[in-house]
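Novice: Provided herewith: query13.cif, mmCIF, C-alpha atoms.
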```cif
data_model
#
loop_
_atom_site.label_atom_id
_atom_site.label_comp_id
_atom_site.auth_asym_id
_atom_site.auth_seq_id
_atom_site.Cartn_x
_atom_site.Cartn_y
_atom_site.Cartn_z
CA MET A 1 1.01 -50.09 -28.32
CA ASN A 2 -2.75 -50.48 -28.17
CA ARG A 3 -5.01 -49.51 -31.10
CA LEU A 4 -5.58 -45.95 -29.84
CA GLN A 5 -1.85 -45.32 -29.39
CA VAL A 6 -1.10 -46.64 -32.89
CA ILE A 7 -3.78 -44.43 -34.45
CA ARG A 8 -2.58 -41.34 -32.58
CA LYS A 9 1.00 -42.06 -33.68
CA LYS A 10 -0.01 -42.48 -37.34
CA GLU A 11 -2.17 -39.36 -37.33
CA LYS A 12 0.61 -37.33 -35.72
CA GLU A 13 3.06 -38.52 -38.37
CA TYR A 14 0.62 -37.67 -41.17
CA HIS A 15 -0.21 -34.19 -39.91
CA ASP A 16 3.36 -33.33 -38.89
CA ASP A 17 4.43 -34.21 -42.44
CA CYS A 18 1.62 -32.11 -43.95
CA TYR A 19 2.43 -29.08 -41.82
CA GLU A 20 6.13 -29.35 -42.64
CA ASN A 21 5.77 -29.82 -46.39
CA LEU A 22 2.55 -28.03 -47.33
CA GLU A 23 2.04 -24.28 -47.15
CA LEU A 24 -1.17 -22.80 -45.80
CA PHE A 25 -3.43 -21.33 -48.52
CA LYS A 26 -1.19 -22.63 -51.30
CA PRO A 27 -3.09 -24.54 -54.04
CA GLY A 28 -2.59 -28.27 -54.26
CA SER A 29 -3.67 -29.57 -50.86
CA TRP A 30 -6.51 -29.50 -48.32
CA LEU A 31 -4.78 -26.50 -46.71
CA HIS A 32 -5.54 -24.44 -49.84
CA LYS A 33 -8.60 -22.61 -48.52
CA PRO A 34 -10.99 -22.46 -45.58
CA VAL A 35 -14.18 -24.50 -45.41
CA LYS A 36 -16.97 -22.60 -47.18
CA THR A 37 -19.68 -23.66 -44.71
CA VAL A 38 -17.69 -22.35 -41.74
CA MET A 39 -16.89 -19.04 -43.40
CA GLU A 40 -20.51 -18.44 -44.44
CA LEU A 41 -21.60 -18.69 -40.81
CA MET A 42 -19.74 -15.50 -39.94
CA ALA A 43 -22.55 -13.53 -41.60
CA ASN A 44 -24.70 -14.41 -38.57
CA PHE A 45 -22.56 -12.17 -36.38
CA GLU A 46 -22.04 -9.11 -38.60
CA SER A 47 -24.19 -6.87 -36.37
CA LEU A 48 -22.35 -7.77 -33.16
CA ASP A 49 -19.52 -5.70 -31.68
CA ILE A 50 -18.06 -8.64 -29.73
CA VAL A 51 -17.66 -12.09 -31.30
CA ASN A 52 -15.87 -15.02 -29.68
CA VAL A 53 -15.13 -18.12 -31.75
CA LEU A 54 -13.79 -21.55 -30.76
CA ASP A 55 -12.01 -23.77 -33.29
CA LEU A 56 -11.66 -27.32 -31.94
CA GLY A 57 -8.91 -29.10 -33.83
CA CYS A 58 -7.64 -25.92 -35.45
CA GLY A 59 -4.57 -27.29 -37.20
CA VAL A 60 -2.41 -24.50 -38.61
CA GLY A 61 -5.31 -22.06 -38.98
CA ARG A 62 -6.96 -22.91 -42.29
CA ASN A 63 -10.28 -21.67 -40.92
CA SER A 64 -9.36 -19.64 -37.84
CA ILE A 65 -6.99 -17.23 -39.60
CA PRO A 66 -9.60 -16.12 -42.21
CA ILE A 67 -12.15 -15.79 -39.39
CA ALA A 68 -9.69 -13.65 -37.40
CA GLU A 69 -9.31 -11.42 -40.46
CA ILE A 70 -13.09 -10.95 -40.57
CA LEU A 71 -13.10 -10.06 -36.86
CA LYS A 72 -10.16 -7.64 -36.99
CA HIS A 73 -12.33 -4.62 -36.20
CA LYS A 74 -14.48 -6.29 -33.54
CA GLU A 75 -13.85 -7.22 -29.94
CA GLY A 76 -13.35 -10.88 -29.11
CA LYS A 77 -10.97 -13.70 -29.96
CA VAL A 78 -10.65 -16.87 -31.98
CA VAL A 79 -9.59 -19.57 -29.53
CA CYS A 80 -7.74 -22.34 -31.37
CA VAL A 81 -7.31 -25.75 -29.73
CA ASP A 82 -5.13 -28.56 -31.07
CA LEU A 83 -3.33 -31.58 -29.67
CA LEU A 84 -0.27 -31.31 -31.91
CA GLU A 85 2.64 -29.02 -31.10
CA SER A 86 3.40 -28.75 -34.83
CA ALA A 87 -0.10 -27.38 -35.44
CA ILE A 88 0.10 -24.74 -32.71
CA THR A 89 3.65 -23.70 -33.64
CA ASN A 90 2.69 -23.22 -37.29
CA LEU A 91 -0.56 -21.50 -36.31
CA GLU A 92 1.40 -18.91 -34.33
CA GLU A 93 3.77 -18.33 -37.26
CA TYR A 94 0.96 -18.01 -39.81
CA SER A 95 -0.98 -15.70 -37.48
CA GLU A 96 2.00 -13.36 -37.45
CA LYS A 97 2.43 -13.64 -41.21
CA TYR A 98 -1.20 -12.71 -41.89
CA GLY A 99 -1.34 -10.00 -39.25
CA VAL A 100 -3.99 -11.54 -37.00
CA SER A 101 -1.97 -12.75 -34.01
CA ALA A 102 -3.79 -10.28 -31.74
CA LYS A 103 -7.08 -12.05 -32.50
CA ILE A 104 -5.80 -15.63 -32.18
CA SER A 105 -5.52 -17.47 -28.83
CA PRO A 106 -3.69 -20.77 -29.41
CA VAL A 107 -4.21 -23.61 -26.91
CA LEU A 108 -2.14 -26.81 -26.93
CA SER A 109 -4.57 -29.40 -25.60
CA ASP A 110 -6.57 -32.50 -26.36
CA ILE A 111 -10.03 -31.28 -27.40
CA SER A 112 -11.68 -33.29 -24.64
CA ASN A 113 -9.49 -31.66 -21.97
CA TYR A 114 -10.19 -28.08 -22.98
CA VAL A 115 -12.63 -26.45 -20.56
CA ILE A 116 -15.22 -24.46 -22.55
CA PRO A 117 -16.56 -21.48 -20.56
CA ASN A 118 -20.33 -21.53 -20.12
CA ASP A 119 -22.41 -19.26 -22.38
CA TYR A 120 -19.34 -17.66 -23.92
CA PHE A 121 -18.84 -18.45 -27.62
CA HIS A 122 -20.91 -17.19 -30.53
CA LEU A 123 -19.53 -19.86 -32.86
CA ILE A 124 -17.97 -23.21 -31.99
CA PHE A 125 -16.84 -25.37 -34.88
CA SER A 126 -14.85 -28.51 -35.48
CA VAL A 127 -13.67 -29.72 -38.87
CA SER A 128 -12.50 -33.35 -39.16
CA SER A 129 -11.47 -33.52 -35.50
CA LEU A 130 -14.17 -35.01 -33.29
CA GLU A 131 -13.79 -38.43 -34.95
CA HIS A 132 -10.33 -38.52 -33.34
CA LEU A 133 -11.60 -38.43 -29.77
CA ASP A 134 -10.75 -41.60 -27.87
CA SER A 135 -14.27 -42.87 -27.15
CA GLU A 136 -17.94 -42.22 -27.81
CA GLU A 137 -18.31 -41.17 -24.17
CA ARG A 138 -15.70 -38.45 -24.67
CA PHE A 139 -17.44 -37.44 -27.89
CA ASP A 140 -20.74 -36.96 -26.02
CA TYR A 141 -18.91 -35.07 -23.26
CA VAL A 142 -17.34 -32.64 -25.75
CA ILE A 143 -20.67 -32.04 -27.51
CA GLU A 144 -22.36 -31.33 -24.17
CA ASN A 145 -19.60 -28.84 -23.33
CA MET A 146 -20.01 -27.19 -26.72
CA ILE A 147 -23.74 -26.83 -26.08
CA ARG A 148 -23.19 -25.29 -22.64
CA GLY A 149 -20.51 -22.98 -23.97
CA THR A 150 -22.61 -21.49 -26.77
CA LYS A 151 -24.50 -18.22 -26.34
CA THR A 152 -28.18 -17.88 -27.23
CA GLN A 153 -28.43 -17.47 -31.03
CA GLY A 154 -24.92 -18.89 -31.23
CA VAL A 155 -24.00 -21.62 -33.68
CA ASN A 156 -22.27 -25.01 -33.55
CA CYS A 157 -20.79 -26.42 -36.76
CA ILE A 158 -19.42 -29.96 -36.92
CA ILE A 159 -17.92 -31.55 -40.01
CA ILE A 160 -17.04 -35.18 -39.39
CA SER A 161 -16.19 -38.34 -41.33
CA THR A 162 -18.35 -41.43 -40.98
CA GLY A 163 -18.29 -44.87 -42.58
CA VAL A 164 -14.53 -44.55 -43.08
CA ARG A 165 -12.77 -47.08 -45.34
CA GLU A 166 -9.11 -47.37 -46.32
CA LYS A 167 -7.37 -49.54 -48.91
CA ILE A 168 -3.86 -49.79 -50.33
CA MET A 169 -4.06 -48.41 -53.85
CA ASP A 170 -1.37 -50.65 -55.42
CA THR A 171 -2.85 -53.92 -54.17
CA GLY A 172 -6.49 -53.21 -53.32
CA GLU A 173 -5.92 -54.60 -49.81
CA ILE A 174 -8.46 -53.33 -47.30
CA ILE A 175 -6.77 -52.03 -44.14
CA GLU A 176 -8.05 -50.83 -40.79
CA PRO A 177 -8.79 -47.10 -40.89
CA MET A 178 -6.67 -44.95 -38.61
CA TYR A 179 -9.70 -43.35 -36.98
CA GLU A 180 -10.54 -43.59 -33.31
CA LEU A 181 -14.31 -43.26 -33.71
CA MET A 182 -15.91 -45.25 -36.51
CA PHE A 183 -19.44 -43.87 -36.56
CA GLU A 184 -21.97 -45.21 -39.02
CA THR A 185 -23.58 -42.30 -40.89
CA THR A 186 -27.22 -42.81 -39.94
CA TYR A 187 -26.32 -43.57 -36.33
CA LEU A 188 -24.38 -40.32 -35.95
CA SER A 189 -27.12 -38.24 -37.60
CA LYS A 190 -29.64 -39.59 -35.09
CA LYS A 191 -27.21 -38.94 -32.24
CA PHE A 192 -26.84 -35.32 -33.32
CA GLU A 193 -30.61 -34.91 -33.48
CA LYS A 194 -30.90 -36.24 -29.93
CA LEU A 195 -28.03 -34.20 -28.47
CA TYR A 196 -29.23 -30.99 -30.13
CA LYS A 197 -32.97 -31.68 -29.77
CA ASN A 198 -33.83 -28.11 -28.71
CA TRP A 199 -31.65 -26.37 -31.31
CA LYS A 200 -32.60 -25.12 -34.77
CA THR A 201 -31.02 -27.08 -37.62
CA LEU A 202 -29.43 -24.74 -40.17
CA LYS A 203 -27.71 -27.37 -42.30
CA HIS A 204 -27.49 -31.14 -42.35
CA THR A 205 -25.82 -32.82 -45.33
CA VAL A 206 -24.07 -36.09 -46.09
CA LYS A 207 -21.62 -36.20 -49.00
CA PRO A 208 -19.24 -38.91 -50.25
CA PHE A 209 -15.54 -38.13 -50.01
CA GLU A 210 -12.29 -39.74 -51.09
CA VAL A 211 -8.66 -38.71 -50.93
CA GLU A 212 -5.29 -40.29 -51.54
CA ILE A 213 -3.03 -40.28 -48.49
CA THR A 214 0.23 -41.94 -47.48
CA ARG A 215 0.54 -44.48 -44.67
CA ASP A 216 3.92 -46.09 -43.95
CA GLY A 217 5.12 -45.02 -47.37
CA ARG A 218 2.19 -46.66 -49.15
CA ARG A 219 -0.46 -44.94 -51.25
CA VAL A 220 -3.79 -45.36 -49.51
CA LEU A 221 -7.27 -44.43 -50.72
CA LEU A 222 -9.38 -43.09 -47.87
CA GLU A 223 -13.13 -43.05 -48.49
CA SER A 224 -15.92 -41.87 -46.22
CA ASP A 225 -19.13 -39.94 -45.89
CA VAL A 226 -18.73 -36.38 -44.66
CA VAL A 227 -21.51 -35.26 -42.35
CA THR A 228 -22.01 -31.50 -42.00
CA TRP A 229 -24.12 -30.52 -38.99
CA VAL A 230 -24.88 -26.84 -38.32
CA VAL A 231 -27.31 -25.83 -35.57
CA GLN A 232 -28.31 -22.65 -33.75
CA ASN A 233 -29.04 -22.24 -30.05
CA THR A 234 -32.47 -20.64 -30.10
#
```
For this file, write the structure as structure tokens.
Specialist:
Amino acid sequence: MNRLQVIRKKEKEYHDDCYENLELFKPGSWLHKPVKTVMELMANFESLDIVNVLDLGCGVGRNSIPIAEILKHKEGKVVCVDLLESAITNLEEYSEKYGVSAKISPVLSDISNYVIPNDYFHLIFSVSSLEHLDSEERFDYVIENMIRGTKTQGVNCIIISTGVREKIMDTGEIIEPMYELMFETTYLSKKFEKLYKNWKTLKHTVKPFEVEITRDGRRVLLESDVVTWVVQNT
């Protein structure tokens, strides 16, 4: 297998294991609660009767299910796109469990293959997903589609890891990160500013992050910067 195939295989194994063994909204894992930044953005759309949201790389619904609960009494949908069958299957089950299946539209697809309708979504967000696109060209393509697909006064929110580093915790050995896109933090920030040059910046932060994960049965420390980029189409 080439590097991309290996990374996709490892990421599938990791997420399949998480979705099988961790329960959504149960304390003790990253599935415990939705991302605060994403949830706070819903206040922008309180006055609207119709709100359409797109979650790119939705997983099992950590963010999209709470958003669907907020939108229960409005028109519109939360479209949820993910590459993994395990994610979509669990999303459908959790949507039923939490009584929001009528608001959730699951889509099994690579993010870069999903066709975003022009001028349609009020909020498009992606949490820890765009770094797993297969090339920088595809990254730019997806961002351009997000821009075209966002309504005036709509919002894009991207949370993405940069400067990723991985090492085996028992030995200290540095290993190649299982990330398709290895953006350097400053480079990506400048890219965002260029791609969204006519948009209003609502939030732009860079914070250090580390987490213990398992790769091939070994304890691995994953470290990175986390870039949060929130902009409004004015």
Novice: With all atoms listed in the file as the atoms that count, which of A:Leu91, A:Val220, A:Met42, A:Leu108 lies nearest to A:Ile175?
Specialist: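 For A:Ile175, the nearest of the given residues is A:Val220.
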Novice: Please report the interatomic distance between atom CA of A:Thr228 and atom CA of A:Thr205 in Å with one decimal.
Specialist: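 Separation of atom CA of A:Thr228 and atom CA of A:Thr205: 5.2 Å.
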Novice: With all atoms listed in the file as the basis for distance, which of A:Lys167, A:Lys191, A:Arg8, A:Lys197 is at the shortest distance from A:Asp140?
Specialist: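 Once distances to A:Asp140 are computed over all atoms listed in the file, the minimum belongs to A:Lys191.
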Novice: Just checking: using only C-alpha atoms, which residue out of A:Leu222, A:Glu69, A:Ile116, A:Asn63 ends up closest to A:Lys36?
Specialist: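 Checking each candidate against A:Lys36, we get A:Asn63 as the closest.
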Novice: For this file, the PyMOL selection byres ((chain A and resi 165) around 10) selects which residues, as a PyMOL selection string?
Specialist: chain A and resi 162-164+166-167+174-179+182+210+221-225
Novice: Hey, can you check how far atom CA of A:Phe121 sits from atom CA of A:Leu54?
Specialist: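 Interatomic distance, atom CA of A:Phe121 to atom CA of A:Leu54: 6.7 Å.
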Novice: Can you turn the PyMOL selection byres ((chain A and resi 48) around 12) into a concrete residue list for this file, as a PyMOL selection string?
Specialist: chain A and resi 42-47+49-52+71+73-76+122+153-154
Novice: Using the chain letters and numbers from the file, give me the residues hit by the PyMOL selection byres ((chain A and resi 55-61) around 9), as a PyMOL selection string.
Specialist: chain A and resi 15+19+24+31+34+53-54+62-66+78-84+86-95+106+110-111+123-130
Novice: Calculate how many Å separate atom CA of A:Ser105 from atom CA of A:Gly28, rounding to one decimal.
Specialist: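 Between atom CA of A:Ser105 and atom CA of A:Gly28 the gap works out to 27.8 Å.
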Novice: Which residues, protein or nucleic acid, reach to within 8 Å of (-22.8, -34.0, -43.9) in the file's coordinates when using all atoms listed in the file, and can you give that as a list in words?
Specialist: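 Those residues, ordered by chain and then number, are Ile159, Ile160, His204, Thr205, Val206, Lys207, Asp225, Val226, Val227, Thr228 and Trp229 of chain A.
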Novice: What lies within 9 Å of stretch 134-137 of chain A using only C-alpha atoms, ignoring chain neighbours under 3 positions off, as a list in words?
Specialist: Leu4, Ser112, Glu131, Asp140, Tyr141, Val142, Glu180 and Leu181 of chain A
Novice: Would you mind putting all heavy atoms back on stretch 5-16 of chain A and writing the result as a PDB file, keeping the file's coordinate frame?
Specialist:
```pdb
ATOM      1  N   GLN A   5      -3.205 -45.878 -29.320  1.00  0.00           N
ATOM      2  CA  GLN A   5      -1.850 -45.320 -29.390  1.00  0.00           C
ATOM      3  C   GLN A   5      -1.295 -45.388 -30.810  1.00  0.00           C
ATOM      4  O   GLN A   5      -0.640 -44.451 -31.282  1.00  0.00           O
ATOM      5  CB  GLN A   5      -0.934 -46.068 -28.421  1.00  0.00           C
ATOM      6  CG  GLN A   5      -1.226 -45.804 -26.953  1.00  0.00           C
ATOM      7  CD  GLN A   5      -0.437 -46.714 -26.025  1.00  0.00           C
ATOM      8  OE1 GLN A   5      -0.196 -47.892 -26.336  1.00  0.00           O
ATOM      9  NE2 GLN A   5      -0.017 -46.182 -24.894  1.00  0.00           N
ATOM     10  N   VAL A   6      -1.564 -46.500 -31.501  1.00  0.00           N
ATOM     11  CA  VAL A   6      -1.100 -46.640 -32.890  1.00  0.00           C
ATOM     12  C   VAL A   6      -1.741 -45.591 -33.774  1.00  0.00           C
ATOM     13  O   VAL A   6      -1.075 -44.932 -34.577  1.00  0.00           O
ATOM     14  CB  VAL A   6      -1.416 -48.063 -33.421  1.00  0.00           C
ATOM     15  CG1 VAL A   6      -1.161 -48.132 -34.928  1.00  0.00           C
ATOM     16  CG2 VAL A   6      -0.594 -49.105 -32.695  1.00  0.00           C
ATOM     17  N   ILE A   7      -3.065 -45.411 -33.634  1.00  0.00           N
ATOM     18  CA  ILE A   7      -3.780 -44.430 -34.450  1.00  0.00           C
ATOM     19  C   ILE A   7      -3.254 -43.027 -34.182  1.00  0.00           C
ATOM     20  O   ILE A   7      -2.995 -42.252 -35.117  1.00  0.00           O
ATOM     21  CB  ILE A   7      -5.295 -44.509 -34.170  1.00  0.00           C
ATOM     22  CG1 ILE A   7      -5.864 -45.808 -34.734  1.00  0.00           C
ATOM     23  CG2 ILE A   7      -6.029 -43.315 -34.782  1.00  0.00           C
ATOM     24  CD1 ILE A   7      -7.298 -46.073 -34.341  1.00  0.00           C
ATOM     25  N   ARG A   8      -3.082 -42.685 -32.919  1.00  0.00           N
ATOM     26  CA  ARG A   8      -2.580 -41.340 -32.580  1.00  0.00           C
ATOM     27  C   ARG A   8      -1.187 -41.120 -33.174  1.00  0.00           C
ATOM     28  O   ARG A   8      -0.867 -40.030 -33.659  1.00  0.00           O
ATOM     29  CB  ARG A   8      -2.560 -41.172 -31.056  1.00  0.00           C
ATOM     30  CG  ARG A   8      -3.957 -41.048 -30.431  1.00  0.00           C
ATOM     31  CD  ARG A   8      -4.512 -39.649 -30.626  1.00  0.00           C
ATOM     32  NE  ARG A   8      -5.916 -39.542 -30.278  1.00  0.00           N
ATOM     33  CZ  ARG A   8      -6.366 -39.154 -29.086  1.00  0.00           C
ATOM     34  NH1 ARG A   8      -5.517 -38.889 -28.112  1.00  0.00           N
ATOM     35  NH2 ARG A   8      -7.660 -39.039 -28.872  1.00  0.00           N
ATOM     36  N   LYS A   9      -0.354 -42.160 -33.126  1.00  0.00           N
ATOM     37  CA  LYS A   9       1.000 -42.060 -33.680  1.00  0.00           C
ATOM     38  C   LYS A   9       0.940 -41.832 -35.187  1.00  0.00           C
ATOM     39  O   LYS A   9       1.650 -40.951 -35.720  1.00  0.00           O
ATOM     40  CB  LYS A   9       1.790 -43.327 -33.359  1.00  0.00           C
ATOM     41  CG  LYS A   9       3.230 -43.334 -33.883  1.00  0.00           C
ATOM     42  CD  LYS A   9       3.951 -44.591 -33.415  1.00  0.00           C
ATOM     43  CE  LYS A   9       5.399 -44.597 -33.890  1.00  0.00           C
ATOM     44  NZ  LYS A   9       5.509 -44.792 -35.362  1.00  0.00           N
ATOM     45  N   LYS A  10       0.101 -42.608 -35.890  1.00  0.00           N
ATOM     46  CA  LYS A  10      -0.010 -42.480 -37.340  1.00  0.00           C
ATOM     47  C   LYS A  10      -0.574 -41.108 -37.734  1.00  0.00           C
ATOM     48  O   LYS A  10      -0.103 -40.478 -38.689  1.00  0.00           O
ATOM     49  CB  LYS A  10      -0.901 -43.585 -37.904  1.00  0.00           C
ATOM     50  CG  LYS A  10      -0.366 -44.993 -37.712  1.00  0.00           C
ATOM     51  CD  LYS A  10       0.922 -45.224 -38.452  1.00  0.00           C
ATOM     52  CE  LYS A  10       1.370 -46.665 -38.310  1.00  0.00           C
ATOM     53  NZ  LYS A  10       2.706 -46.890 -38.930  1.00  0.00           N
ATOM     54  N   GLU A  11      -1.576 -40.655 -37.019  1.00  0.00           N
ATOM     55  CA  GLU A  11      -2.170 -39.360 -37.330  1.00  0.00           C
ATOM     56  C   GLU A  11      -1.194 -38.224 -37.069  1.00  0.00           C
ATOM     57  O   GLU A  11      -1.137 -37.245 -37.826  1.00  0.00           O
ATOM     58  CB  GLU A  11      -3.455 -39.162 -36.521  1.00  0.00           C
ATOM     59  CG  GLU A  11      -4.648 -39.925 -37.061  1.00  0.00           C
ATOM     60  CD  GLU A  11      -4.958 -39.546 -38.500  1.00  0.00           C
ATOM     61  OE1 GLU A  11      -5.314 -38.381 -38.747  1.00  0.00           O
ATOM     62  OE2 GLU A  11      -4.822 -40.406 -39.380  1.00  0.00           O
ATOM     63  N   LYS A  12      -0.411 -38.351 -36.007  1.00  0.00           N
ATOM     64  CA  LYS A  12       0.610 -37.330 -35.720  1.00  0.00           C
ATOM     65  C   LYS A  12       1.640 -37.297 -36.847  1.00  0.00           C
ATOM     66  O   LYS A  12       2.015 -36.209 -37.324  1.00  0.00           O
ATOM     67  CB  LYS A  12       1.301 -37.621 -34.392  1.00  0.00           C
ATOM     68  CG  LYS A  12       2.355 -36.574 -34.008  1.00  0.00           C
ATOM     69  CD  LYS A  12       2.988 -36.898 -32.662  1.00  0.00           C
ATOM     70  CE  LYS A  12       3.921 -35.777 -32.208  1.00  0.00           C
ATOM     71  NZ  LYS A  12       5.008 -35.473 -33.174  1.00  0.00           N
ATOM     72  N   GLU A  13       2.081 -38.464 -37.286  1.00  0.00           N
ATOM     73  CA  GLU A  13       3.060 -38.520 -38.370  1.00  0.00           C
ATOM     74  C   GLU A  13       2.504 -37.882 -39.635  1.00  0.00           C
ATOM     75  O   GLU A  13       3.192 -37.105 -40.312  1.00  0.00           O
ATOM     76  CB  GLU A  13       3.446 -39.983 -38.644  1.00  0.00           C
ATOM     77  CG  GLU A  13       4.284 -40.616 -37.547  1.00  0.00           C
ATOM     78  CD  GLU A  13       4.482 -42.109 -37.763  1.00  0.00           C
ATOM     79  OE1 GLU A  13       3.871 -42.664 -38.717  1.00  0.00           O
ATOM     80  OE2 GLU A  13       5.233 -42.720 -36.980  1.00  0.00           O
ATOM     81  N   TYR A  14       1.251 -38.204 -39.957  1.00  0.00           N
ATOM     82  CA  TYR A  14       0.620 -37.670 -41.170  1.00  0.00           C
ATOM     83  C   TYR A  14       0.511 -36.156 -41.108  1.00  0.00           C
ATOM     84  O   TYR A  14       0.894 -35.449 -42.050  1.00  0.00           O
ATOM     85  CB  TYR A  14      -0.763 -38.302 -41.359  1.00  0.00           C
ATOM     86  CG  TYR A  14      -1.578 -37.640 -42.442  1.00  0.00           C
ATOM     87  CD1 TYR A  14      -1.273 -37.825 -43.785  1.00  0.00           C
ATOM     88  CD2 TYR A  14      -2.655 -36.810 -42.125  1.00  0.00           C
ATOM     89  CE1 TYR A  14      -2.016 -37.208 -44.787  1.00  0.00           C
ATOM     90  CE2 TYR A  14      -3.401 -36.197 -43.111  1.00  0.00           C
ATOM     91  CZ  TYR A  14      -3.078 -36.400 -44.435  1.00  0.00           C
ATOM     92  OH  TYR A  14      -3.805 -35.784 -45.415  1.00  0.00           O
ATOM     93  N   HIS A  15      -0.009 -35.632 -40.001  1.00  0.00           N
ATOM     94  CA  HIS A  15      -0.210 -34.190 -39.910  1.00  0.00           C
ATOM     95  C   HIS A  15       1.100 -33.430 -39.750  1.00  0.00           C
ATOM     96  O   HIS A  15       1.262 -32.346 -40.327  1.00  0.00           O
ATOM     97  CB  HIS A  15      -1.170 -33.867 -38.751  1.00  0.00           C
ATOM     98  CG  HIS A  15      -2.594 -34.155 -39.073  1.00  0.00           C
ATOM     99  ND1 HIS A  15      -3.198 -35.355 -38.794  1.00  0.00           N
ATOM    100  CD2 HIS A  15      -3.541 -33.400 -39.692  1.00  0.00           C
ATOM    101  CE1 HIS A  15      -4.445 -35.327 -39.217  1.00  0.00           C
ATOM    102  NE2 HIS A  15      -4.688 -34.152 -39.752  1.00  0.00           N
ATOM    103  N   ASP A  16       2.044 -33.979 -39.002  1.00  0.00           N
ATOM    104  CA  ASP A  16       3.360 -33.330 -38.890  1.00  0.00           C
ATOM    105  C   ASP A  16       3.985 -33.188 -40.268  1.00  0.00           C
ATOM    106  O   ASP A  16       4.574 -32.139 -40.600  1.00  0.00           O
ATOM    107  CB  ASP A  16       4.290 -34.131 -37.972  1.00  0.00           C
ATOM    108  CG  ASP A  16       3.954 -33.970 -36.495  1.00  0.00           C
ATOM    109  OD1 ASP A  16       3.135 -33.088 -36.162  1.00  0.00           O
ATOM    110  OD2 ASP A  16       4.513 -34.726 -35.673  1.00  0.00           O
TER     111      ASP A  16
END
```
